[in-house]
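Colleague: Next up, run02.csv (CSV, C-alpha atoms).
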chain,number,residue,atom,x,y,z
A,8,MET,CA,-14.4,-40.4,-3.8
A,9,THR,CA,-11.9,-37.7,-4.8
A,10,PRO,CA,-13.4,-34.2,-5.4
A,11,PRO,CA,-13.2,-32.8,-8.9
A,12,PRO,CA,-10.4,-30.4,-9.7
A,13,ALA,CA,-11.0,-26.7,-9.3
A,14,SER,CA,-11.0,-26.1,-13.1
A,15,THR,CA,-13.7,-28.9,-13.6
A,16,ALA,CA,-15.8,-27.3,-10.8
A,17,ARG,CA,-15.6,-23.9,-12.4
A,18,ARG,CA,-16.6,-25.3,-15.8
A,19,ARG,CA,-19.6,-27.0,-14.2
A,20,ARG,CA,-20.7,-23.8,-12.5
A,21,ARG,CA,-20.4,-22.0,-15.9
A,22,ARG,CA,-22.6,-24.6,-17.5
A,23,GLY,CA,-25.2,-24.2,-14.8
A,24,ARG,CA,-25.3,-20.4,-14.8
A,25,PRO,CA,-25.3,-18.1,-17.8
A,26,GLY,CA,-22.4,-15.7,-18.0
A,27,ILE,CA,-22.7,-11.9,-17.7
A,28,GLY,CA,-22.8,-11.5,-21.5
A,29,LEU,CA,-25.8,-13.7,-21.9
A,30,ARG,CA,-27.5,-12.1,-18.9
A,31,LEU,CA,-27.0,-8.6,-20.4
A,32,LEU,CA,-28.3,-9.8,-23.7
A,33,ALA,CA,-31.4,-11.4,-22.1
A,34,ALA,CA,-32.0,-8.2,-20.1
A,35,GLN,CA,-31.8,-6.1,-23.2
A,36,ALA,CA,-34.3,-8.5,-25.0
A,37,ILE,CA,-36.7,-8.2,-22.1
A,38,VAL,CA,-36.5,-4.4,-22.3
A,39,LEU,CA,-37.1,-4.5,-26.0
A,40,ALA,CA,-40.1,-6.9,-25.6
A,41,ALA,CA,-41.6,-4.6,-22.9
A,42,GLY,CA,-41.2,-1.6,-25.2
A,43,ALA,CA,-42.8,-3.4,-28.1
A,44,VAL,CA,-45.8,-4.5,-26.0
A,45,THR,CA,-46.2,-1.0,-24.5
A,46,THR,CA,-46.1,0.6,-28.0
A,47,ALA,CA,-48.6,-1.9,-29.3
A,48,VAL,CA,-51.0,-1.4,-26.4
A,49,VAL,CA,-50.8,2.4,-26.6
A,50,ALA,CA,-51.3,2.4,-30.4
A,51,ALA,CA,-54.3,0.1,-30.1
A,52,VAL,CA,-56.0,1.9,-27.2
A,53,VAL,CA,-55.1,5.6,-27.9
A,54,GLY,CA,-54.8,5.7,-31.7
A,55,PRO,CA,-58.2,4.6,-33.0
A,56,PRO,CA,-60.3,7.0,-30.8
A,57,LEU,CA,-58.2,10.0,-31.8
A,58,PHE,CA,-58.3,9.0,-35.5
A,59,ARG,CA,-62.1,8.5,-35.3
A,60,GLU,CA,-62.5,11.9,-33.7
A,61,HIS,CA,-60.5,13.6,-36.4
A,62,LEU,CA,-62.6,11.9,-39.1
A,63,HIS,CA,-65.8,13.2,-37.5
A,64,ARG,CA,-64.3,16.7,-37.4
A,65,ALA,CA,-63.5,16.3,-41.1
A,66,GLY,CA,-67.1,15.6,-41.9
A,67,VAL,CA,-67.1,11.8,-42.3
A,68,PRO,CA,-70.4,10.5,-41.0
A,69,MET,CA,-70.4,8.2,-38.0
A,70,ASN,CA,-70.6,4.4,-38.8
A,71,SER,CA,-70.4,5.1,-42.5
A,72,PRO,CA,-68.6,2.9,-44.9
A,73,GLU,CA,-66.0,5.7,-45.4
A,74,GLU,CA,-65.3,5.7,-41.6
A,75,VAL,CA,-65.0,1.9,-41.5
A,76,HIS,CA,-62.6,1.9,-44.5
A,77,ALA,CA,-60.5,4.7,-43.1
A,78,GLU,CA,-60.2,3.0,-39.7
A,79,GLU,CA,-59.1,-0.3,-41.4
A,80,ALA,CA,-56.5,1.6,-43.5
A,81,TYR,CA,-55.3,3.3,-40.3
A,82,GLY,CA,-55.0,0.0,-38.5
A,83,TYR,CA,-53.0,-1.6,-41.3
A,84,ALA,CA,-50.7,1.4,-41.6
A,85,THR,CA,-50.2,1.5,-37.9
A,86,VAL,CA,-49.4,-2.2,-37.6
A,87,MET,CA,-47.0,-2.1,-40.6
A,88,SER,CA,-45.2,1.1,-39.6
A,89,ILE,CA,-44.9,0.4,-35.9
A,90,GLY,CA,-44.1,-3.3,-36.5
A,91,GLY,CA,-41.4,-2.5,-39.0
A,92,ALA,CA,-39.9,0.1,-36.9
A,93,LEU,CA,-39.9,-2.1,-33.8
A,94,ALA,CA,-38.4,-5.0,-35.8
A,95,VAL,CA,-35.6,-2.9,-37.2
A,96,SER,CA,-34.8,-1.2,-33.8
A,97,ALA,CA,-35.0,-4.6,-32.0
A,98,LEU,CA,-32.5,-6.1,-34.4
A,99,ALA,CA,-30.2,-3.1,-34.2
A,100,ALA,CA,-30.4,-3.0,-30.4
A,101,LEU,CA,-29.8,-6.8,-30.0
A,102,ALA,CA,-26.9,-6.7,-32.4
A,103,VAL,CA,-25.2,-3.8,-30.5
A,104,SER,CA,-26.0,-5.5,-27.1
A,105,PHE,CA,-24.6,-8.8,-28.4
A,106,TYR,CA,-21.4,-7.1,-29.5
A,107,VAL,CA,-21.0,-5.1,-26.2
A,108,SER,CA,-21.9,-8.1,-24.0
A,109,ARG,CA,-19.4,-10.3,-25.8
A,110,ARG,CA,-16.6,-7.8,-25.3
A,111,LEU,CA,-17.7,-7.3,-21.7
A,112,GLN,CA,-17.8,-11.1,-21.2
A,113,ARG,CA,-14.4,-11.5,-22.8
A,114,SER,CA,-12.9,-8.8,-20.5
A,115,VAL,CA,-14.5,-10.2,-17.3
A,116,THR,CA,-13.4,-13.7,-18.3
A,117,GLU,CA,-9.8,-12.5,-18.9
A,118,VAL,CA,-9.7,-10.8,-15.5
A,119,ALA,CA,-11.2,-13.8,-13.7
A,120,SER,CA,-8.7,-16.1,-15.4
A,121,ALA,CA,-5.8,-13.8,-14.6
A,122,ALA,CA,-7.0,-13.6,-11.0
A,123,THR,CA,-7.0,-17.4,-10.7
A,124,ASP,CA,-3.5,-17.5,-12.1
A,125,VAL,CA,-2.4,-14.9,-9.5
A,126,ALA,CA,-4.1,-16.9,-6.7
A,127,GLN,CA,-2.1,-19.9,-7.8
A,128,GLY,CA,1.2,-18.0,-7.6
A,129,ASN,CA,1.7,-17.0,-11.3
A,130,TYR,CA,2.4,-13.3,-10.8
A,131,ASP,CA,3.7,-12.5,-14.2
A,132,VAL,CA,0.2,-12.6,-15.8
A,133,ARG,CA,-1.2,-9.3,-17.2
A,134,VAL,CA,-4.5,-8.3,-18.6
A,135,SER,CA,-5.1,-6.2,-21.7
A,136,SER,CA,-7.1,-3.0,-21.7
A,137,PRO,CA,-10.7,-3.8,-22.8
A,138,ARG,CA,-11.3,-0.3,-24.2
A,139,LEU,CA,-14.8,-0.3,-22.7
A,140,GLY,CA,-14.5,3.1,-20.9
A,141,ASP,CA,-12.4,4.6,-18.1
A,142,ASP,CA,-13.9,2.3,-15.5
A,143,PHE,CA,-12.8,-0.9,-17.2
A,144,ASP,CA,-9.4,0.6,-18.2
A,145,ALA,CA,-8.9,1.6,-14.5
A,146,LEU,CA,-9.8,-1.9,-13.5
A,147,SER,CA,-7.2,-3.5,-15.8
A,148,THR,CA,-4.6,-1.0,-14.8
A,149,ALA,CA,-5.2,-1.6,-11.1
A,150,PHE,CA,-5.0,-5.4,-11.7
A,151,ASN,CA,-1.8,-5.2,-13.6
A,152,GLN,CA,-0.3,-3.0,-10.9
A,153,MET,CA,-1.4,-5.4,-8.2
A,154,ALA,CA,0.1,-8.4,-10.1
A,155,SER,CA,3.4,-6.4,-10.6
A,156,ARG,CA,3.6,-5.5,-6.9
A,157,LEU,CA,2.9,-9.1,-5.9
A,158,GLN,CA,5.6,-10.3,-8.3
A,159,THR,CA,8.0,-7.9,-6.7
A,160,VAL,CA,7.1,-9.0,-3.2
A,161,ASP,CA,7.4,-12.7,-4.1
A,162,SER,CA,10.8,-12.1,-5.7
A,163,THR,CA,12.0,-10.1,-2.7
A,164,ARG,CA,10.7,-12.8,-0.4
A,165,GLN,CA,12.6,-15.5,-2.3
A,166,GLN,CA,15.7,-13.4,-2.3
A,167,LEU,CA,15.2,-12.6,1.4
A,168,PHE,CA,15.1,-16.3,2.4
A,169,GLY,CA,18.1,-17.0,0.3
A,170,ASP,CA,20.1,-14.2,1.9
A,171,LEU,CA,18.9,-15.3,5.4
A,172,ALA,CA,20.1,-18.8,4.7
A,173,HIS,CA,23.4,-17.6,3.3
A,174,GLU,CA,24.1,-15.2,6.2
A,175,ILE,CA,23.3,-17.9,8.8
A,176,ARG,CA,25.1,-20.7,7.0
A,177,THR,CA,28.6,-19.2,7.2
A,178,PRO,CA,28.9,-18.6,11.0
A,179,VAL,CA,27.0,-21.8,11.8
A,180,ALA,CA,29.4,-23.8,9.5
A,181,VAL,CA,32.4,-22.2,11.3
A,182,LEU,CA,31.0,-23.0,14.7
A,183,GLU,CA,30.2,-26.6,13.7
A,184,ALA,CA,33.7,-27.2,12.3
A,185,TYR,CA,35.4,-25.8,15.4
A,186,ILE,CA,33.1,-27.8,17.7
A,187,GLU,CA,33.8,-31.0,15.8
A,188,ALA,CA,37.5,-30.3,15.9
A,189,LEU,CA,37.3,-29.8,19.7
A,190,GLU,CA,35.3,-33.0,20.1
A,191,ASP,CA,37.8,-35.0,17.9
A,192,GLY,CA,40.8,-33.6,19.8
A,193,VAL,CA,42.2,-31.9,16.7
A,194,ARG,CA,42.0,-28.6,18.4
A,195,THR,CA,42.1,-27.5,22.0
A,196,LEU,CA,40.2,-24.7,23.6
A,197,THR,CA,42.9,-22.1,23.4
A,198,PRO,CA,42.2,-18.3,23.8
A,199,GLN,CA,42.4,-18.0,20.0
A,200,THR,CA,39.8,-20.7,19.5
A,201,ALA,CA,37.5,-19.2,22.1
A,202,THR,CA,37.8,-15.8,20.4
A,203,MET,CA,36.9,-17.3,17.1
A,204,LEU,CA,33.8,-19.0,18.5
A,205,ARG,CA,32.8,-15.9,20.3
A,206,ASP,CA,33.2,-13.8,17.1
A,207,GLN,CA,30.9,-16.2,15.2
A,208,THR,CA,28.2,-16.2,18.0
A,209,ARG,CA,28.4,-12.4,18.1
A,210,ARG,CA,27.9,-12.3,14.4
A,211,LEU,CA,24.8,-14.4,14.7
A,212,VAL,CA,23.5,-12.2,17.5
A,213,ARG,CA,24.2,-9.1,15.6
A,214,PHE,CA,22.5,-10.5,12.5
A,215,SER,CA,19.4,-11.4,14.4
A,216,ASN,CA,19.3,-8.0,16.0
A,217,ASP,CA,19.6,-6.3,12.6
A,218,VAL,CA,16.7,-8.4,11.2
A,219,ALA,CA,14.6,-7.6,14.2
A,220,ALA,CA,15.5,-3.9,13.9
A,221,LEU,CA,14.6,-3.8,10.2
A,222,ALA,CA,11.3,-5.6,10.8
A,223,LYS,CA,10.4,-3.1,13.6
A,224,ALA,CA,11.5,-0.1,11.5
A,225,GLU,CA,9.4,-1.2,8.5
A,226,GLU,CA,6.3,-2.0,10.6
A,227,SER,CA,3.7,0.6,9.9
A,228,SER,CA,2.3,0.5,13.4
A,229,VAL,CA,5.7,1.0,15.0
A,230,SER,CA,5.4,3.2,18.1
A,231,MET,CA,7.6,6.3,18.0
A,232,SER,CA,8.5,8.3,21.1
A,233,TYR,CA,8.5,11.9,19.7
A,234,ALA,CA,10.1,14.8,21.4
A,235,ASN,CA,11.8,18.1,20.5
A,236,ILE,CA,15.3,17.0,19.5
A,237,ASP,CA,18.4,19.2,19.8
A,238,VAL,CA,20.2,18.4,16.6
A,239,ASP,CA,23.5,19.8,17.8
A,240,ARG,CA,23.5,17.7,20.9
A,241,LEU,CA,22.3,14.6,19.1
A,242,THR,CA,25.0,14.9,16.4
A,243,HIS,CA,27.9,15.4,18.8
A,244,ARG,CA,26.7,12.5,20.9
A,245,CYS,CA,26.7,10.1,17.9
A,246,VAL,CA,30.1,11.4,16.8
A,247,ALA,CA,31.5,10.9,20.3
A,248,ALA,CA,30.2,7.3,20.4
A,249,ALA,CA,32.0,6.5,17.1
A,250,GLN,CA,35.1,8.5,17.8
A,251,GLU,CA,37.1,5.6,19.3
A,252,ARG,CA,36.5,3.3,16.4
A,253,TYR,CA,37.5,6.1,14.0
A,254,ASP,CA,40.7,6.8,15.9
A,255,ASN,CA,41.6,3.1,16.0
A,256,LYS,CA,41.4,2.9,12.2
A,257,GLY,CA,43.1,6.2,11.6
A,258,VAL,CA,40.1,7.9,10.0
A,259,ALA,CA,39.5,11.6,10.8
A,260,LEU,CA,35.9,12.4,11.9
A,261,ARG,CA,34.8,16.1,11.7
A,262,VAL,CA,31.5,17.9,12.4
A,263,ARG,CA,30.3,21.0,10.8
A,264,LEU,CA,27.0,22.4,12.1
A,265,GLN,CA,25.1,25.5,11.0
A,266,LYS,CA,24.4,27.9,13.9
A,267,ALA,CA,20.9,28.1,15.5
A,268,LEU,CA,19.6,24.8,14.0
A,269,PRO,CA,15.9,24.4,14.7
A,270,PRO,CA,14.8,21.4,16.9
A,271,LEU,CA,13.3,18.4,15.3
A,272,TRP,CA,10.1,16.7,16.4
A,273,ALA,CA,11.4,13.1,16.2
A,274,ASP,CA,12.3,9.9,18.1
A,275,GLU,CA,15.7,10.7,19.5
A,276,GLN,CA,16.7,7.0,19.8
A,277,ARG,CA,15.7,6.1,16.3
A,278,LEU,CA,17.4,9.1,14.8
A,279,SER,CA,20.5,8.3,16.8
A,280,GLN,CA,20.3,4.8,15.3
A,281,VAL,CA,20.1,6.2,11.8
A,282,LEU,CA,23.1,8.5,12.2
A,283,GLY,CA,25.1,5.7,13.9
A,284,ASN,CA,24.4,3.4,11.0
A,285,LEU,CA,25.6,6.0,8.5
A,286,LEU,CA,28.8,6.7,10.6
A,287,GLU,CA,29.5,3.0,10.8
A,288,ASN,CA,28.9,2.5,7.1
A,289,ALA,CA,31.3,5.4,6.3
A,290,LEU,CA,34.0,4.0,8.6
A,291,ARG,CA,33.7,0.6,7.0
A,292,HIS,CA,34.3,1.9,3.5
A,293,THR,CA,36.9,4.6,4.3
A,294,PRO,CA,40.5,3.4,4.4
A,295,SER,CA,43.1,4.6,7.0
A,296,GLY,CA,44.1,8.1,6.4
A,297,GLY,CA,40.7,9.2,5.0
A,298,SER,CA,38.1,11.4,6.6
A,299,VAL,CA,34.4,11.6,7.3
A,300,GLU,CA,32.5,14.8,7.8
A,301,VAL,CA,29.0,15.3,9.3
A,302,ASN,CA,27.3,18.4,8.0
A,303,CYS,CA,24.0,19.8,9.3
A,304,VAL,CA,22.2,22.7,7.6
A,305,ARG,CA,18.7,24.1,7.3
A,306,ASP,CA,17.3,24.1,3.8
A,307,GLY,CA,13.9,25.8,3.8
A,308,ASP,CA,11.4,23.6,5.7
A,309,ARG,CA,13.9,20.7,5.9
A,310,LEU,CA,16.9,20.0,7.9
A,311,ARG,CA,19.7,18.2,5.9
A,312,ILE,CA,22.2,16.0,7.7
A,313,ALA,CA,24.9,14.8,5.4
A,314,VAL,CA,27.6,12.2,6.2
A,315,ALA,CA,30.4,12.5,3.5
A,316,ASP,CA,33.4,10.2,3.3
A,317,THR,CA,36.5,10.1,1.2
A,318,GLY,CA,36.4,6.3,0.9
A,319,GLU,CA,35.9,3.7,-1.8
A,320,GLY,CA,32.9,5.3,-3.4
A,321,ILE,CA,30.0,3.6,-5.2
A,322,ALA,CA,29.7,2.6,-8.8
A,323,ALA,CA,26.8,4.1,-10.8
A,324,GLU,CA,25.1,0.8,-11.2
A,325,HIS,CA,25.0,0.3,-7.4
A,326,VAL,CA,23.9,3.8,-6.3
A,327,ASN,CA,20.1,3.1,-6.6
A,328,ARG,CA,20.3,-0.2,-4.8
A,329,VAL,CA,22.4,0.5,-1.7
A,330,PHE,CA,19.3,0.9,0.5
A,331,GLU,CA,18.0,-2.6,-0.5
A,332,ARG,CA,18.1,-5.1,2.3
A,333,PHE,CA,21.0,-7.5,2.1
A,334,TYR,CA,22.4,-5.7,-0.9
A,335,ARG,CA,26.2,-5.2,-1.1
A,336,ALA,CA,28.2,-3.7,-3.9
A,337,ASP,CA,31.1,-5.9,-2.7
A,338,SER,CA,29.6,-8.9,-0.9
A,339,ALA,CA,32.9,-10.5,0.0
A,340,ARG,CA,34.3,-7.3,1.6
A,341,ASP,CA,31.2,-6.6,3.6
A,342,ARG,CA,30.8,-10.2,4.8
A,343,GLU,CA,34.4,-10.2,5.9
A,344,HIS,CA,33.7,-7.1,8.1
A,345,GLY,CA,30.6,-8.8,9.5
A,346,GLY,CA,28.0,-6.6,7.8
A,347,ALA,CA,24.7,-8.2,6.8
A,348,GLY,CA,23.7,-5.5,4.4
A,349,LEU,CA,20.9,-4.2,6.6
A,350,GLY,CA,22.2,-1.0,8.1
A,351,LEU,CA,21.2,1.3,5.3
A,352,ALA,CA,17.9,-0.5,4.9
A,353,ILE,CA,17.1,0.1,8.6
A,354,ALA,CA,18.2,3.8,8.2
A,355,LYS,CA,15.9,4.3,5.2
A,356,ALA,CA,12.9,2.7,7.0
A,357,LEU,CA,13.4,4.8,10.1
A,358,VAL,CA,13.9,8.1,8.1
A,359,GLU,CA,10.8,7.5,6.1
A,360,ALA,CA,8.8,6.7,9.3
A,361,HIS,CA,9.6,10.3,10.3
A,362,GLY,CA,8.4,11.6,7.0
A,363,GLY,CA,11.9,12.3,5.8
A,364,ALA,CA,14.0,11.0,2.9
A,365,ILE,CA,17.5,9.6,2.5
A,366,SER,CA,19.6,9.7,-0.6
A,367,VAL,CA,23.2,8.9,-1.6
A,368,ALA,CA,25.6,10.5,-4.1
A,369,SER,CA,29.0,9.3,-5.3
A,370,ALA,CA,31.5,10.3,-7.9
A,371,GLY,CA,32.2,6.6,-8.5
A,372,PRO,CA,34.8,4.2,-7.3
A,373,GLY,CA,37.4,6.0,-5.3
A,374,GLY,CA,35.4,9.2,-5.2
A,375,GLY,CA,33.8,8.8,-1.8
A,376,ALA,CA,30.1,8.9,-1.0
A,377,THR,CA,27.7,11.3,0.7
A,378,PHE,CA,24.5,10.1,2.4
A,379,THR,CA,22.0,12.9,3.1
A,380,LEU,CA,19.0,12.9,5.4
A,381,ALA,CA,16.2,15.4,4.6
A,382,MET,CA,14.1,15.7,7.7
A,383,PRO,CA,11.0,17.9,7.8
A,384,ILE,CA,11.0,20.8,10.3
A,385,THR,CA,7.7,21.0,12.1
A,386,PRO,CA,6.4,23.7,14.4
A,387,GLU,CA,8.0,23.3,17.9
A,388,ARG,CA,5.8,21.4,20.2
A,389,THR,CA,5.8,20.7,23.9
A,390,GLU,CA,6.8,17.3,25.1
A,391,GLN,CA,3.4,17.0,26.8
A,392,THR,CA,1.8,16.8,23.4
A,393,PRO,CA,0.1,13.4,23.2
A,394,VAL,CA,1.4,11.2,20.4
A,395,THR,CA,-1.1,8.8,18.9
A,396,ALA,CA,-0.4,5.8,16.7
A,397,ASP,CA,-1.8,7.7,13.7
A,398,SER,CA,0.5,10.7,14.3
A,399,ALA,CA,3.5,8.4,14.6
A,400,ARG,CA,2.7,6.6,11.4
A,401,ILE,CA,3.8,8.2,8.1
Show me, as structure tokens, the structure contained in the file I just sent.
Modeller:
Amino acid sequence: MTPPPASTARRRRRRGRPGIGLRLLAAQAIVLAAGAVTTAVVAAVVGPPLFREHLHRAGVPMNSPEEVHAEEAYGYATVMSIGGALAVSALAALAVSFYVSRRLQRSVTEVASAATDVAQGNYDVRVSSPRLGDDFDALSTAFNQMASRLQTVDSTRQQLFGDLAHEIRTPVAVLEAYIEALEDGVRTLTPQTATMLRDQTRRLVRFSNDVAALAKAEESSVSMSYANIDVDRLTHRCVAAAQERYDNKGVALRVRLQKALPPLWADEQRLSQVLGNLLENALRHTPSGGSVEVNCVRDGDRLRIAVADTGEGIAAEHVNRVFERFYRADSARDREHGGAGLGLAIAKALVEAHGGAISVASAGPGGGATFTLAMPITPERTEQTPVTADSARI
């Protein structure tokens, strides 16, 4: 026997149990009934003796016809006044409770229905503000923000898988075509063929390394080996590592450092990776004859490291997206150079893991681009200072 669908099961549960609106209405009715009974008991027990005592003080003889008549009149007046007041107040209270409970029930039902839609993968659902107070408004706002974030994550996930498939498909297709040609005897294993095969395998290895590096950089619990970093030495070492590639392409690489730069409390290997990615990105987009300059200055409690090139520049519509994973302003050009669009995303994740920020500015196509790191300057520490997972997590 097949189980009933989830919607049918939910309807059955609703039939078996009253909703929150009916429960609130019932609770209010119980409170009103308890108040009415209490009022009636107090009026019946306390009222007549007090009234009788005042009659005796006023000179009415005890057990006289006047006393009996006055007590009967008092009883009728008490029953009519208290009964009428209780009836009116009960009707007003029940009407208000019914209105509020209906609005509350409608709001809770809307949120529950929207949560069910989100659970089923429909992330574009939103709930309206119930206007029942700050608490319920905060609930609806938080739910809408959650749904929006989930929608963004799901969209990014779909794009990520599409980009992964696209990046892997090209080198795999080239490798498959060359291998089939070798098997069919159309091609022979010449040095040129071996070079082509090696380039494609290296591209796959480089891509897998970039994806692993990005995942590790974005992992909140990533372990960081902090130490006091000499920025002057770090910068010159990264520049020296890239110098040969710059010379081969004919791009000038210059360094301009402010004197007496303070040390940074950072992971030297990760910071070298960030600067290396920026230098590689600048080289890729700067034509022969251009130049790239690395500039380090202290700006208050921050150290700014800028990598400025005289290359192709970035159009205004692409400036805010260059740090997105797999994003390319010119996908054909970057794919030809073997880039997967992950270098800047890795740099951003590593900089933010240090508590810093990275930004880009460009005058537009042909105007070059400047990538700037803003790293916080912390009080100098000794390298024996223990580094916990919490202190390494930003």
Colleague: Could you check which of A:Val134, A:Ala248, A:Ala34, A:Ala188 is closest to Ser108 of chain A, using all atoms listed in the file?
Modeller: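 Among the listed residues, A:Ala34 lies closest to Ser108 of chain A.
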Colleague: If you measure from atom CA of Ala33 of chain A to atom CA of Ala119 of chain A, what distance in Å do you get, rounded to one decimal?
Modeller: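 The value is 22.0 Å.
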Colleague: Please provide the set of residues having any atom within 12 Å of segment 71-76 of chain A, restricted to only C-alpha atoms, with same-chain residues fewer than 3 positions apart removed, written as a list in words.
Modeller: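 With the cut-off at 12 Å, the set is Pro55, Pro56, Phe58, Arg59, Glu60, His61, Leu62, His63, Arg64, Ala65, Gly66, Val67, Pro68, Glu79, Ala80, Tyr81, Gly82 and Tyr83 of chain A.
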Colleague: Applying 10 Å and all atoms listed in the file, which residues near Ala121 of chain A remain after dropping the ones on its own chain fewer than 2 positions away? List them as number ranges by chain.
Modeller: A: 115-119, 123-127, 129-134, 150-151, 154
Colleague: Smallest atom-to-atom distance to Leu264 of chain A: which of A:Val38, A:Ile236, A:Leu146, A:Cys303, using all atoms listed in the file?
Modeller: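 Of A:Val38, A:Ile236, A:Leu146, A:Cys303, the one nearest Leu264 of chain A, counting all atoms listed in the file, is A:Cys303.
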Colleague: Excluding same-chain residues fewer than 3 positions from Ile312 of chain A, what lies within 6 Å of it counting only C-alpha atoms, as a list in words?
Modeller: Asn302, Cys303, Thr379 and Leu380 of chain A
Colleague: Nearest to Leu278 of chain A: which of A:Ala322, A:Ala360, A:Ala259, A:Val314 is it, counting only C-alpha atoms?
Modeller: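 Closest residue, counting only C-alpha atoms: A:Ala360.
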Colleague: By how many Å are atom CA of Thr177 of chain A and atom CA of Asp206 of chain A apart?
Modeller: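 Taking atom CA of Thr177 of chain A as the start and atom CA of Asp206 of chain A as the end point, the length is 12.2 Å.
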Colleague: Neighbouring residues of His325 of chain A were defined as those with any atom within 12 Å, considering only C-alpha atoms; residues of the same chain fewer than 2 positions away were excluded. Please report them as a list in words.
Modeller: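 That gives Gly320, Ile321, Ala322, Ala323, Asn327, Arg328, Val329, Phe330, Glu331, Tyr334, Arg335, Ala336, Asp337, Val367, Ala368, Ser369, Ala370, Gly371, Pro372 and Ala376 of chain A.
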Colleague: Find, counting only C-alpha atoms, the residue in A:Phe143, A:Pro178, A:Ser295, A:Asp274 that gets nearest to Gly257 of chain A.
Modeller: A:Ser295
Colleague: Kindly extract all protein, DNA and RNA residues lying within 7 Å of the coordinates (36.8, 6.3, -3.0) given in the file, considering all atoms listed in the file, and supply them as a short mmCIF file (atom, residue, chain, number, x, y, z; two decimals) with C-alpha atoms, in the coordinates of the input.
Modeller:
data_model
loop_
_atom_site.label_atom_id
_atom_site.label_comp_id
_atom_site.auth_asym_id
_atom_site.auth_seq_id
_atom_site.Cartn_x
_atom_site.Cartn_y
_atom_site.Cartn_z
CA THR A 317 36.50 10.10 1.20
CA GLY A 318 36.40 6.30 0.90
CA GLU A 319 35.90 3.70 -1.80
CA GLY A 320 32.90 5.30 -3.40
CA PRO A 372 34.80 4.20 -7.30
CA GLY A 373 37.40 6.00 -5.30
CA GLY A 374 35.40 9.20 -5.20
CA GLY A 375 33.80 8.80 -1.80
#
Colleague: What does the distance between atom CA of Thr197 of chain A and atom CA of Ile175 of chain A come to in Å, to one decimal place?
Modeller: 24.8 Å
Colleague: Using all atoms listed in the file, collect all residues at a distance of at most 10 Å from (29.4, 13.9, 14.8) as written in the file, then present them as a PyMOL selection string.
Modeller: chain A and resi 239-250+260-264+282-283+286+299-303+314
